[in-house]
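> File follows, run.csv with CSV, C-alpha atoms:
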```csv
chain,number,residue,atom,x,y,z
A,22,MET,CA,20.8,-28.8,-56.9
A,23,ILE,CA,21.0,-32.3,-55.5
A,24,SER,CA,19.2,-35.5,-56.4
A,25,VAL,CA,16.2,-36.9,-54.6
A,26,ARG,CA,18.2,-39.8,-53.3
A,27,GLU,CA,20.9,-37.5,-51.9
A,28,ALA,CA,18.3,-35.2,-50.3
A,29,LYS,CA,16.7,-38.2,-48.5
A,30,ALA,CA,20.0,-39.5,-47.3
A,31,LEU,CA,21.0,-36.1,-45.9
A,32,ILE,CA,17.7,-35.8,-44.0
A,33,CYS,CA,18.1,-39.3,-42.6
A,34,GLU,CA,21.7,-38.5,-41.4
A,35,ARG,CA,20.3,-35.6,-39.3
A,36,CYS,CA,17.5,-37.6,-37.7
A,37,LYS,CA,17.6,-39.8,-34.6
A,38,PRO,CA,14.9,-41.4,-32.5
A,39,LEU,CA,13.2,-39.1,-29.9
A,40,ILE,CA,14.0,-39.8,-26.2
A,41,PRO,CA,11.5,-42.5,-25.0
A,42,ARG,CA,8.8,-41.5,-22.7
A,43,LEU,CA,6.6,-43.4,-20.2
A,44,ILE,CA,2.9,-42.8,-21.1
A,45,PRO,CA,-0.4,-44.4,-20.0
A,46,LEU,CA,-1.2,-47.6,-21.9
A,47,VAL,CA,-4.7,-46.3,-22.7
A,48,GLU,CA,-3.0,-43.5,-24.8
A,49,ALA,CA,-0.3,-45.7,-26.4
A,50,GLY,CA,-2.2,-46.9,-29.5
A,51,GLY,CA,-0.1,-46.3,-32.6
A,52,PHE,CA,3.1,-45.6,-30.8
A,53,THR,CA,6.2,-47.8,-31.0
A,54,LEU,CA,7.6,-49.6,-27.9
A,55,ALA,CA,11.0,-48.2,-26.9
A,56,GLU,CA,12.0,-51.2,-24.8
A,57,ALA,CA,11.1,-54.9,-24.5
A,58,HIS,CA,8.2,-55.6,-22.1
A,59,TYR,CA,8.3,-58.9,-20.2
A,60,ALA,CA,5.4,-61.0,-18.9
A,61,PRO,CA,5.2,-60.4,-15.1
A,62,ILE,CA,2.8,-63.3,-14.8
A,63,ASP,CA,1.7,-66.5,-16.5
A,64,GLN,CA,-1.0,-66.0,-19.1
A,65,PRO,CA,-3.5,-67.4,-18.5
A,66,PRO,CA,-2.6,-67.1,-14.8
A,67,PHE,CA,-4.4,-70.4,-13.9
A,68,ASP,CA,-6.1,-73.3,-15.7
A,69,GLN,CA,-9.4,-71.9,-16.8
A,70,SER,CA,-12.6,-73.1,-18.5
A,71,ALA,CA,-12.9,-72.3,-22.2
A,72,MET,CA,-16.6,-72.9,-22.3
A,73,ASP,CA,-19.8,-72.9,-20.2
A,74,GLY,CA,-20.2,-76.4,-18.9
A,75,TYR,CA,-19.2,-78.8,-16.1
A,76,ALA,CA,-15.7,-79.4,-14.7
A,77,PHE,CA,-14.6,-82.8,-13.5
A,78,ALA,CA,-11.5,-85.0,-13.0
A,79,PHE,CA,-11.3,-87.1,-16.1
A,80,SER,CA,-9.0,-89.8,-14.8
A,81,ALA,CA,-11.4,-90.5,-11.9
A,82,TRP,CA,-14.4,-90.9,-14.1
A,83,ASP,CA,-15.2,-94.4,-15.4
A,84,GLY,CA,-16.6,-93.1,-18.7
A,85,PHE,CA,-20.3,-93.8,-18.2
A,86,SER,CA,-21.4,-93.2,-14.6
A,87,PRO,CA,-23.3,-90.0,-13.9
A,88,LEU,CA,-21.5,-87.2,-11.9
A,89,ALA,CA,-23.1,-85.4,-9.0
A,90,VAL,CA,-23.1,-81.6,-9.4
A,91,VAL,CA,-21.9,-80.2,-6.0
A,92,GLY,CA,-21.5,-76.5,-6.7
A,93,GLU,CA,-20.6,-73.9,-9.3
A,94,VAL,CA,-17.7,-71.6,-10.3
A,95,GLN,CA,-18.3,-68.2,-11.8
A,96,ALA,CA,-15.6,-66.3,-13.6
A,97,GLY,CA,-13.9,-64.1,-11.1
A,98,THR,CA,-14.4,-66.4,-8.2
A,99,PHE,CA,-12.3,-69.3,-6.8
A,100,TYR,CA,-13.7,-72.6,-5.5
A,101,THR,CA,-11.9,-73.6,-2.3
A,102,GLY,CA,-13.6,-77.0,-1.8
A,103,HIS,CA,-12.3,-80.4,-2.7
A,104,PRO,CA,-14.8,-82.3,-4.9
A,105,GLY,CA,-14.8,-86.0,-4.9
A,106,PRO,CA,-13.9,-88.3,-7.9
A,107,GLN,CA,-17.5,-88.8,-9.0
A,108,GLU,CA,-18.5,-85.1,-8.6
A,109,ALA,CA,-18.7,-82.2,-11.0
A,110,LEU,CA,-19.0,-78.4,-10.7
A,111,ARG,CA,-21.0,-76.1,-12.9
A,112,ILE,CA,-18.4,-73.8,-14.4
A,113,PHE,CA,-18.5,-70.8,-16.7
A,114,THR,CA,-16.2,-69.4,-19.4
A,115,GLY,CA,-13.0,-68.0,-17.9
A,116,ALA,CA,-13.5,-69.4,-14.5
A,117,ALA,CA,-10.6,-71.1,-12.7
A,118,LEU,CA,-10.7,-74.9,-12.5
A,119,PRO,CA,-10.8,-76.2,-9.0
A,120,SER,CA,-7.9,-78.2,-7.6
A,121,GLY,CA,-8.0,-81.8,-9.0
A,122,MET,CA,-10.2,-81.1,-12.0
A,123,ASP,CA,-8.8,-81.1,-15.4
A,124,THR,CA,-11.6,-81.4,-18.0
A,125,VAL,CA,-14.8,-79.5,-18.9
A,126,VAL,CA,-17.7,-80.9,-20.8
A,127,ILE,CA,-19.8,-78.3,-22.5
A,128,GLN,CA,-23.3,-77.8,-21.3
A,129,GLU,CA,-24.8,-79.0,-24.7
A,130,LYS,CA,-23.2,-82.4,-24.2
A,131,VAL,CA,-24.8,-83.4,-20.9
A,132,SER,CA,-28.2,-84.6,-19.8
A,133,LEU,CA,-29.4,-83.4,-16.4
A,134,SER,CA,-31.3,-85.6,-14.0
A,135,GLY,CA,-31.8,-83.8,-10.7
A,136,ASP,CA,-28.4,-82.8,-9.3
A,137,LYS,CA,-26.6,-85.3,-11.6
A,138,ILE,CA,-25.3,-85.1,-15.1
A,139,ASN,CA,-24.7,-87.8,-17.7
A,140,ILE,CA,-22.0,-86.9,-20.2
A,141,THR,CA,-23.1,-87.5,-23.8
A,142,ASP,CA,-19.9,-86.3,-25.5
A,143,THR,CA,-18.3,-89.4,-27.0
A,144,GLN,CA,-15.3,-87.5,-28.1
A,145,ILE,CA,-14.4,-86.0,-24.8
A,146,LYS,CA,-10.8,-86.5,-23.5
A,147,ARG,CA,-8.7,-85.3,-20.7
A,148,GLY,CA,-8.1,-81.6,-20.9
A,149,SER,CA,-11.0,-80.9,-23.2
A,150,ASN,CA,-12.2,-77.3,-23.2
A,151,VAL,CA,-9.5,-76.1,-20.7
A,152,ARG,CA,-7.0,-73.3,-21.3
A,153,LEU,CA,-3.9,-74.4,-19.4
A,154,ARG,CA,-1.9,-72.0,-17.3
A,155,ALA,CA,0.8,-70.2,-19.2
A,156,SER,CA,-0.4,-71.7,-22.5
A,157,GLN,CA,-0.1,-68.3,-24.1
A,158,THR,CA,2.9,-66.8,-22.3
A,159,ARG,CA,5.1,-67.8,-19.4
A,160,ALA,CA,6.1,-65.3,-16.7
A,161,ARG,CA,9.5,-63.7,-17.4
A,162,ASP,CA,9.2,-64.4,-21.2
A,163,ILE,CA,9.3,-61.4,-23.5
A,164,ALA,CA,5.8,-60.3,-24.2
A,165,LEU,CA,6.6,-57.6,-26.9
A,166,GLU,CA,10.0,-56.7,-28.3
A,167,ALA,CA,11.3,-53.2,-28.5
A,168,GLY,CA,10.3,-51.6,-31.8
A,169,CYS,CA,6.8,-53.3,-31.8
A,170,LYS,CA,4.0,-51.1,-33.0
A,171,LEU,CA,1.3,-50.8,-30.4
A,172,THR,CA,-1.7,-51.9,-32.4
A,173,PRO,CA,-5.1,-52.3,-30.6
A,174,ALA,CA,-4.3,-56.0,-30.1
A,175,ALA,CA,-0.8,-55.2,-28.7
A,176,VAL,CA,-2.3,-52.7,-26.3
A,177,ALA,CA,-4.8,-55.3,-25.1
A,178,PHE,CA,-2.1,-57.9,-24.8
A,179,LEU,CA,0.0,-55.7,-22.4
A,180,ALA,CA,-3.1,-54.7,-20.5
A,181,GLY,CA,-3.7,-58.5,-19.9
A,182,PHE,CA,-0.4,-58.6,-18.0
A,183,GLY,CA,-1.4,-55.6,-15.8
A,184,TYR,CA,0.7,-53.0,-17.6
A,185,ASP,CA,-0.9,-49.5,-17.3
A,186,ARG,CA,2.1,-47.5,-18.5
A,187,VAL,CA,4.6,-48.3,-21.3
A,188,SER,CA,7.8,-46.8,-22.7
A,189,VAL,CA,7.4,-45.5,-26.2
A,190,TYR,CA,9.0,-43.2,-28.8
A,191,PRO,CA,6.8,-40.1,-28.5
A,192,SER,CA,5.3,-37.9,-31.2
A,193,PRO,CA,7.4,-34.9,-32.2
A,194,CYS,CA,6.5,-31.4,-31.4
A,195,ILE,CA,5.9,-29.7,-34.8
A,196,ALA,CA,5.3,-26.1,-35.7
A,197,ILE,CA,3.8,-25.1,-39.0
A,198,ILE,CA,4.4,-21.7,-40.4
A,199,ASN,CA,2.6,-20.6,-43.5
A,200,THR,CA,3.9,-17.5,-45.2
A,201,GLY,CA,2.1,-15.3,-47.7
A,202,LYS,CA,0.3,-12.0,-47.8
A,203,GLU,CA,-2.3,-13.5,-50.1
A,204,LEU,CA,-3.5,-16.1,-47.6
A,205,THR,CA,-7.0,-15.8,-46.0
A,206,PRO,CA,-8.2,-18.4,-43.4
A,207,PRO,CA,-11.2,-20.5,-44.5
A,208,GLY,CA,-14.4,-19.1,-43.1
A,209,GLN,CA,-13.4,-15.5,-43.6
A,210,LYS,CA,-14.3,-13.3,-46.6
A,211,LEU,CA,-11.8,-13.1,-49.5
A,212,SER,CA,-10.6,-9.7,-50.4
A,213,PRO,CA,-9.4,-8.9,-54.0
A,214,GLY,CA,-6.1,-10.7,-54.8
A,215,THR,CA,-6.3,-13.2,-51.9
A,216,ILE,CA,-6.9,-16.9,-51.7
A,217,PHE,CA,-8.0,-19.3,-49.0
A,218,GLU,CA,-5.1,-20.8,-47.1
A,219,SER,CA,-5.1,-24.7,-47.4
A,220,ASN,CA,-1.5,-25.8,-46.7
A,221,SER,CA,-2.0,-26.0,-42.9
A,222,TYR,CA,-5.1,-28.1,-43.4
A,223,SER,CA,-3.3,-30.6,-45.6
A,224,LEU,CA,-0.3,-30.8,-43.3
A,225,ARG,CA,-2.4,-31.2,-40.2
A,226,ALA,CA,-4.5,-33.9,-41.8
A,227,ALA,CA,-1.3,-35.7,-43.0
A,228,LEU,CA,0.2,-35.5,-39.5
A,229,GLN,CA,-3.0,-36.8,-38.0
A,230,GLU,CA,-2.5,-40.0,-40.0
A,231,TRP,CA,0.7,-40.3,-37.9
A,232,GLY,CA,-1.2,-39.6,-34.7
A,233,VAL,CA,0.6,-36.3,-34.5
A,234,LYS,CA,-1.1,-33.0,-33.6
A,235,PRO,CA,1.0,-29.8,-34.3
A,236,CYS,CA,2.1,-27.9,-31.3
A,237,ALA,CA,1.6,-24.6,-33.2
A,238,VAL,CA,0.2,-23.4,-36.5
A,239,GLU,CA,0.9,-19.8,-37.7
A,240,MET,CA,0.1,-17.8,-40.8
A,241,VAL,CA,2.5,-14.8,-41.4
A,242,ASP,CA,2.9,-12.1,-43.9
A,243,ASP,CA,5.7,-11.9,-46.5
A,244,GLN,CA,7.9,-9.7,-44.3
A,245,GLU,CA,11.3,-10.9,-43.3
A,246,THR,CA,11.2,-9.5,-39.8
A,247,VAL,CA,7.8,-11.2,-39.2
A,248,ILE,CA,9.1,-14.5,-40.5
A,249,ILE,CA,12.2,-14.3,-38.3
A,250,GLU,CA,10.1,-13.7,-35.3
A,251,ALA,CA,7.9,-16.6,-36.1
A,252,ILE,CA,10.9,-18.9,-36.6
A,253,ARG,CA,12.5,-17.9,-33.4
A,254,ARG,CA,9.3,-18.7,-31.4
A,255,HIS,CA,9.6,-22.3,-32.5
A,256,LEU,CA,13.3,-23.1,-32.5
A,257,ASP,CA,12.7,-25.3,-29.4
A,258,LYS,CA,10.4,-27.6,-31.4
A,259,ASP,CA,11.4,-31.0,-32.9
A,260,ILE,CA,10.4,-29.9,-36.4
A,261,ILE,CA,9.5,-26.6,-38.0
A,262,ILE,CA,7.7,-26.8,-41.4
A,263,LEU,CA,7.5,-23.6,-43.4
A,264,THR,CA,5.4,-23.3,-46.6
A,265,GLY,CA,6.0,-20.6,-49.2
A,266,GLY,CA,8.8,-18.1,-49.6
A,267,VAL,CA,11.6,-20.6,-50.3
A,268,SER,CA,12.2,-19.7,-54.0
A,269,VAL,CA,14.1,-16.6,-55.3
A,270,GLY,CA,11.3,-14.0,-55.8
A,271,ASP,CA,11.5,-10.5,-54.4
A,272,TYR,CA,9.2,-11.5,-51.5
A,273,ASP,CA,10.7,-14.9,-50.8
A,274,PHE,CA,12.3,-14.3,-47.4
A,275,VAL,CA,12.3,-17.7,-45.8
A,276,THR,CA,15.9,-18.8,-46.6
A,277,SER,CA,17.4,-15.5,-45.5
A,278,ALA,CA,15.2,-15.5,-42.3
A,279,LEU,CA,16.4,-19.0,-41.5
A,280,GLU,CA,20.0,-17.9,-41.9
A,281,SER,CA,19.4,-14.9,-39.6
A,282,CYS,CA,18.0,-17.3,-37.0
A,283,GLY,CA,21.1,-19.4,-37.0
A,284,VAL,CA,19.6,-22.3,-38.9
A,285,THR,CA,22.3,-24.4,-40.7
A,286,LYS,CA,21.4,-25.1,-44.3
A,287,VAL,CA,21.9,-28.7,-45.4
A,288,PHE,CA,20.5,-28.3,-48.9
A,289,HIS,CA,18.3,-26.0,-50.9
A,290,LYS,CA,16.8,-27.2,-54.2
A,291,VAL,CA,16.3,-30.7,-55.3
A,292,ARG,CA,16.2,-32.0,-58.9
A,293,GLN,CA,12.5,-32.8,-58.8
A,294,LYS,CA,9.1,-31.7,-60.0
A,295,PRO,CA,7.1,-30.5,-58.1
A,296,GLY,CA,8.9,-29.0,-55.1
A,297,LYS,CA,12.3,-28.1,-56.6
A,298,PRO,CA,13.0,-25.2,-54.1
A,299,LEU,CA,12.7,-27.7,-51.1
A,300,TYR,CA,14.9,-26.5,-48.2
A,301,PHE,CA,16.3,-28.6,-45.3
A,302,GLY,CA,18.3,-27.4,-42.4
A,303,TYR,CA,18.7,-27.7,-38.6
A,304,PHE,CA,19.1,-25.6,-35.4
A,305,GLN,CA,20.7,-27.8,-32.7
A,306,ASP,CA,18.3,-30.7,-32.6
A,307,THR,CA,15.4,-28.9,-34.4
A,308,LEU,CA,14.8,-30.1,-38.0
A,309,VAL,CA,13.7,-27.3,-40.4
A,310,PHE,CA,11.8,-28.0,-43.7
A,311,GLY,CA,11.0,-25.1,-46.1
A,312,LEU,CA,8.4,-26.3,-48.6
A,313,PRO,CA,7.3,-24.4,-51.8
A,314,GLY,CA,3.9,-22.8,-51.3
A,315,ASN,CA,1.9,-24.5,-54.1
A,316,PRO,CA,-0.5,-27.0,-52.4
A,317,ALA,CA,0.6,-30.1,-54.4
A,318,SER,CA,4.2,-29.3,-53.8
A,319,VAL,CA,3.6,-29.2,-50.0
A,320,LEU,CA,1.9,-32.5,-49.9
A,321,THR,CA,4.4,-34.2,-52.2
A,322,CYS,CA,7.3,-33.0,-50.1
A,323,PHE,CA,5.6,-34.1,-47.0
A,324,TYR,CA,5.0,-37.6,-48.2
A,325,GLU,CA,8.4,-38.0,-49.8
A,326,TYR,CA,10.7,-36.3,-47.2
A,327,ILE,CA,9.0,-35.3,-43.9
A,328,THR,CA,7.6,-38.8,-43.5
A,329,GLU,CA,11.2,-40.2,-43.8
A,330,ALA,CA,12.2,-38.0,-40.8
A,331,LEU,CA,9.0,-38.9,-38.8
A,332,SER,CA,9.8,-42.5,-39.3
A,333,ILE,CA,13.2,-42.2,-37.7
A,334,LEU,CA,12.0,-39.9,-34.9
A,335,THR,CA,9.1,-42.0,-33.9
A,336,GLN,CA,10.4,-45.4,-35.1
A,337,ARG,CA,7.1,-45.9,-37.0
A,338,LYS,CA,6.9,-47.1,-40.5
A,339,CYS,CA,6.3,-44.5,-43.2
A,340,SER,CA,3.9,-45.0,-46.1
A,341,GLN,CA,4.3,-48.2,-48.1
A,342,ARG,CA,6.5,-48.2,-51.2
A,343,MET,CA,6.1,-50.7,-54.0
A,344,SER,CA,6.4,-51.2,-57.7
A,345,LEU,CA,3.6,-51.5,-60.2
A,346,PRO,CA,3.3,-51.4,-64.0
A,347,LEU,CA,2.1,-48.2,-65.7
A,348,ALA,CA,-1.4,-48.4,-67.2
A,349,ALA,CA,-0.3,-46.2,-70.2
A,350,ASP,CA,2.7,-44.7,-72.0
A,351,TYR,CA,4.1,-41.5,-70.6
A,352,ILE,CA,6.7,-39.0,-71.8
A,353,LYS,CA,8.6,-36.5,-69.6
A,354,LYS,CA,11.7,-34.3,-69.9
A,355,PRO,CA,14.9,-35.8,-68.4
A,356,GLY,CA,16.9,-34.1,-65.7
A,357,LEU,CA,14.3,-34.1,-62.9
A,358,THR,CA,12.6,-36.8,-60.9
A,359,TRP,CA,8.9,-36.3,-61.4
A,360,PHE,CA,6.4,-37.1,-58.6
A,361,MET,CA,3.0,-37.8,-60.2
A,362,LYS,CA,-0.4,-38.2,-58.6
A,363,GLY,CA,-1.7,-41.6,-59.4
A,364,GLN,CA,-4.4,-44.2,-58.9
A,365,ILE,CA,-4.0,-47.9,-58.4
A,366,GLN,CA,-6.3,-49.8,-60.7
A,367,GLY,CA,-6.2,-53.5,-60.2
A,368,ASP,CA,-2.5,-54.5,-60.7
A,369,GLU,CA,-1.6,-51.3,-62.6
A,370,VAL,CA,-1.2,-47.7,-61.7
A,371,ARG,CA,-2.6,-44.8,-63.7
A,372,ILE,CA,-1.1,-41.2,-63.9
A,373,LEU,CA,-3.9,-38.8,-63.3
A,374,ASP,CA,-4.6,-35.6,-65.2
A,375,ASP,CA,-4.0,-32.1,-63.8
A,376,GLN,CA,-0.5,-32.6,-62.4
A,377,GLU,CA,0.4,-28.9,-62.0
A,378,SER,CA,1.6,-28.0,-58.6
A,379,TYR,CA,-1.1,-25.5,-57.9
A,380,LYS,CA,-3.9,-28.0,-58.5
A,381,LEU,CA,-5.3,-30.2,-55.8
A,382,ASN,CA,-8.2,-31.8,-57.7
A,383,SER,CA,-6.1,-34.7,-58.9
A,384,PHE,CA,-4.4,-35.1,-55.5
A,385,ALA,CA,-7.8,-35.3,-53.8
A,386,GLN,CA,-8.5,-38.4,-55.9
A,387,ALA,CA,-5.0,-39.9,-55.8
A,388,ASP,CA,-4.2,-42.9,-53.7
A,389,CYS,CA,-0.4,-43.0,-54.5
A,390,ILE,CA,2.5,-40.9,-55.7
A,391,ILE,CA,4.3,-42.2,-58.7
A,392,GLU,CA,8.0,-41.6,-58.9
A,393,LEU,CA,9.4,-41.3,-62.5
A,394,ASP,CA,13.2,-41.6,-62.7
A,395,GLU,CA,15.3,-38.5,-63.2
A,396,GLU,CA,17.1,-39.4,-66.4
A,397,LYS,CA,14.4,-41.5,-68.0
A,398,GLU,CA,12.3,-39.8,-70.7
A,399,PHE,CA,10.0,-42.5,-72.2
A,400,PHE,CA,7.9,-44.7,-70.1
A,401,LYS,CA,5.9,-47.5,-71.8
A,402,LYS,CA,2.8,-49.2,-70.7
A,403,SER,CA,3.6,-52.0,-68.3
A,404,ASP,CA,7.0,-50.4,-67.3
A,405,LEU,CA,7.5,-50.9,-63.6
A,406,VAL,CA,7.5,-47.7,-61.6
A,407,THR,CA,8.0,-47.0,-57.9
A,408,ILE,CA,4.9,-45.8,-56.0
A,409,ARG,CA,4.2,-44.6,-52.5
A,410,LYS,CA,0.8,-45.3,-51.2
A,411,ILE,CA,-0.9,-42.3,-49.5
```
Could you quickly redo this structure as structure tokens?

Amino acid sequence: MISVREAKALICERCKPLIPRLIPLVEAGGFTLAEAHYAPIDQPPFDQSAMDGYAFAFSAWDGFSPLAVVGEVQAGTFYTGHPGPQEALRIFTGAALPSGMDTVVIQEKVSLSGDKINITDTQIKRGSNVRLRASQTRARDIALEAGCKLTPAAVAFLAGFGYDRVSVYPSPCIAIINTGKELTPPGQKLSPGTIFESNSYSLRAALQEWGVKPCAVEMVDDQETVIIEAIRRHLDKDIIILTGGVSVGDYDFVTSALESCGVTKVFHKVRQKPGKPLYFGYFQDTLVFGLPGNPASVLTCFYEYITEALSILTQRKCSQRMSLPLAADYIKKPGLTWFMKGQIQGDEVRILDDQESYKLNSFAQADCIIELDEEKEFFKKSDLVTIRKI
């Protein structure tokens, strides 16, 4: 068996970013930019009004005389006339300032008298209420660096430059294969000795948080030939995730099936609880994870290992890790790293009850996984422990 740290390092060694792909900007939210994107135009592309009001040339105004209103400029239009020094134009937010005008007085700071305005704003100065051309970004400047996450604001930012397609690291194509004769799909009737299958549901929900939809999900019997056939169907995927059948029981055929399919084993078994039988291997560029079948083991291994791979493939950040003090004393056996379901409470973290790997009731309430060091046995209240938010 290898340590948790060794297992994660070996996984990371086999991972590399996926080949970038050009996708529509409208579908790019959550992805990571694969290359820098430059501003093709100034932003704003012209001097524009920041408010509804009246535009005029500040330097030509004597500071007290009324201005004649000779027209208006709506956003999306352009005024082609040439107003005189004592003239103003009604203007609306976002509209381009006409040539020669440099200031906008807001509509609440004027008094109207026929077709003339008296400016009552005693604080107004040249350039008031005007967004200057290129005041946000100049043409040919970098708009967003490579590696930037396309948040809603980042998507809107690029749309404002006219981009409709962007180069991103795509989502991986992932196949989920659940093994077990005892598994029954939810919605069907249980027969004696069977249970409802839940691992594909947890994995699909966990992947959904990454913006990833599995390319295939299968449930297969505990028969080696059937498992081999299922694996071979998906050796062209980026990742294969198998659940169940990776231990050493009489009906645990996953590791031998993977060997028959030409998958190279990197490691099998990690000094951890839960999820000790964890398997990792590869076939050409396909990463293969064999997870124990117990539901809590599946989720723990996903958060602790598969997210590390996803982070490299997609260049997205995996779930946040941090240190918090324990809320109470805890004792464990040395020799294994323990991953515990926990809850953050204020500035502390509490280890939940029902930590057995077949139980999901505590996981359903957990908001983090607590990592307890392999060799340490006694943990005191207020000892700092590493947690992973989930």
> Using only C-alpha atoms, which protein or nucleic acid residues come within 10 Å of Glu48 in chain A? Drop anything in the same chain fewer than 2 positions from it, and give the result as a CSV table (one decimal) with C-alpha atoms, in the frame of the given file.

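Once written, part.csv looks like this:
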```
chain,number,residue,atom,x,y,z
A,44,ILE,CA,2.9,-42.8,-21.1
A,45,PRO,CA,-0.4,-44.4,-20.0
A,46,LEU,CA,-1.2,-47.6,-21.9
A,50,GLY,CA,-2.2,-46.9,-29.5
A,51,GLY,CA,-0.1,-46.3,-32.6
A,52,PHE,CA,3.1,-45.6,-30.8
A,176,VAL,CA,-2.3,-52.7,-26.3
A,185,ASP,CA,-0.9,-49.5,-17.3
A,186,ARG,CA,2.1,-47.5,-18.5
A,187,VAL,CA,4.6,-48.3,-21.3
```
> Counting all atoms listed in the file, which residues of range 283-367 of chain A fall within 10 Å of range 255-267 of chain A, and what is the closest atom pair for each with its distance in Å at one decimal, ordered by chain and rising number, as JSON lines?

```
{"residue": "A:Gly283", "atom": "CA", "partner": "A:Leu256", "partner_atom": "CA", "distance": 9.7}
{"residue": "A:Val284", "atom": "CA", "partner": "A:Leu256", "partner_atom": "CA", "distance": 9.0}
{"residue": "A:His289", "atom": "CA", "partner": "A:Val267", "partner_atom": "CA", "distance": 8.6}
{"residue": "A:Lys290", "atom": "CA", "partner": "A:Val267", "partner_atom": "CA", "distance": 9.3}
{"residue": "A:Lys297", "atom": "CA", "partner": "A:Val267", "partner_atom": "CA", "distance": 9.8}
{"residue": "A:Pro298", "atom": "CA", "partner": "A:Val267", "partner_atom": "CA", "distance": 6.1}
{"residue": "A:Leu299", "atom": "CA", "partner": "A:Val267", "partner_atom": "CA", "distance": 7.2}
{"residue": "A:Tyr300", "atom": "CA", "partner": "A:Val267", "partner_atom": "CA", "distance": 7.1}
{"residue": "A:Phe301", "atom": "CA", "partner": "A:Ile262", "partner_atom": "CA", "distance": 9.6}
{"residue": "A:Gly302", "atom": "CA", "partner": "A:Ile261", "partner_atom": "CA", "distance": 9.9}
{"residue": "A:Tyr303", "atom": "CA", "partner": "A:Ile260", "partner_atom": "CA", "distance": 8.9}
{"residue": "A:Phe304", "atom": "CA", "partner": "A:Leu256", "partner_atom": "CA", "distance": 6.9}
{"residue": "A:Gln305", "atom": "CA", "partner": "A:Leu256", "partner_atom": "CA", "distance": 8.8}
{"residue": "A:Asp306", "atom": "CA", "partner": "A:Asp259", "partner_atom": "CA", "distance": 6.9}
{"residue": "A:Thr307", "atom": "CA", "partner": "A:Asp259", "partner_atom": "CA", "distance": 4.8}
{"residue": "A:Leu308", "atom": "CA", "partner": "A:Ile260", "partner_atom": "CA", "distance": 4.7}
{"residue": "A:Val309", "atom": "CA", "partner": "A:Ile261", "partner_atom": "CA", "distance": 4.9}
{"residue": "A:Phe310", "atom": "CA", "partner": "A:Ile262", "partner_atom": "CA", "distance": 4.9}
{"residue": "A:Gly311", "atom": "CA", "partner": "A:Leu263", "partner_atom": "CA", "distance": 4.7}
{"residue": "A:Leu312", "atom": "CA", "partner": "A:Thr264", "partner_atom": "CA", "distance": 4.7}
{"residue": "A:Pro313", "atom": "CA", "partner": "A:Gly265", "partner_atom": "CA", "distance": 4.8}
{"residue": "A:Gly314", "atom": "CA", "partner": "A:Gly265", "partner_atom": "CA", "distance": 3.7}
{"residue": "A:Asn315", "atom": "CA", "partner": "A:Gly265", "partner_atom": "CA", "distance": 7.5}
{"residue": "A:Pro316", "atom": "CA", "partner": "A:Thr264", "partner_atom": "CA", "distance": 9.1}
{"residue": "A:Ser318", "atom": "CA", "partner": "A:Thr264", "partner_atom": "CA", "distance": 9.4}
{"residue": "A:Val319", "atom": "CA", "partner": "A:Thr264", "partner_atom": "CA", "distance": 7.0}
{"residue": "A:Phe323", "atom": "CA", "partner": "A:Ile262", "partner_atom": "CA", "distance": 9.4}
{"residue": "A:Ile327", "atom": "CA", "partner": "A:Ile262", "partner_atom": "CA", "distance": 9.0}
{"residue": "A:Ala330", "atom": "CA", "partner": "A:Ile260", "partner_atom": "CA", "distance": 9.4}
{"residue": "A:Leu331", "atom": "CA", "partner": "A:Ile260", "partner_atom": "CA", "distance": 9.4}
{"residue": "A:Leu334", "atom": "CA", "partner": "A:Asp259", "partner_atom": "CA", "distance": 9.1}
```
> Next, write the just-selected residues to a file, as a tab-separated table (two decimals), keeping the file's coordinate frame, keeping C-alpha atoms as the atom set.

```tsv
chain	number	residue	atom	x	y	z
A	283	GLY	CA	21.10	-19.40	-37.00
A	284	VAL	CA	19.60	-22.30	-38.90
A	289	HIS	CA	18.30	-26.00	-50.90
A	290	LYS	CA	16.80	-27.20	-54.20
A	297	LYS	CA	12.30	-28.10	-56.60
A	298	PRO	CA	13.00	-25.20	-54.10
A	299	LEU	CA	12.70	-27.70	-51.10
A	300	TYR	CA	14.90	-26.50	-48.20
A	301	PHE	CA	16.30	-28.60	-45.30
A	302	GLY	CA	18.30	-27.40	-42.40
A	303	TYR	CA	18.70	-27.70	-38.60
A	304	PHE	CA	19.10	-25.60	-35.40
A	305	GLN	CA	20.70	-27.80	-32.70
A	306	ASP	CA	18.30	-30.70	-32.60
A	307	THR	CA	15.40	-28.90	-34.40
A	308	LEU	CA	14.80	-30.10	-38.00
A	309	VAL	CA	13.70	-27.30	-40.40
A	310	PHE	CA	11.80	-28.00	-43.70
A	311	GLY	CA	11.00	-25.10	-46.10
A	312	LEU	CA	8.40	-26.30	-48.60
A	313	PRO	CA	7.30	-24.40	-51.80
A	314	GLY	CA	3.90	-22.80	-51.30
A	315	ASN	CA	1.90	-24.50	-54.10
A	316	PRO	CA	-0.50	-27.00	-52.40
A	318	SER	CA	4.20	-29.30	-53.80
A	319	VAL	CA	3.60	-29.20	-50.00
A	323	PHE	CA	5.60	-34.10	-47.00
A	327	ILE	CA	9.00	-35.30	-43.90
A	330	ALA	CA	12.20	-38.00	-40.80
A	331	LEU	CA	9.00	-38.90	-38.80
A	334	LEU	CA	12.00	-39.90	-34.90
```
> If we count all atoms listed in the file and set the cut-off at 8 Å, which residues sit around Ala160 in chain A, ignoring sequence neighbours fewer than 2 positions away in its own chain? Please answer as an MDAnalysis selection string.
chainID A and resid 59:64 155 158 162
> Which protein, DNA or RNA residues are at most 10 Å from (0.2, -34.3, -46.3) in the file's coordinates when you count all atoms listed in the file, listed as a list in words?
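Using all atoms listed in the file, the matching residues come out as Asn220, Ser221, Tyr222, Ser223, Leu224, Arg225, Ala226, Ala227, Leu228, Gln229, Glu230, Pro316, Ala317, Ser318, Val319, Leu320, Thr321, Cys322, Phe323, Tyr324, Glu325, Ile327, Thr328 and Ile411 of chain A.
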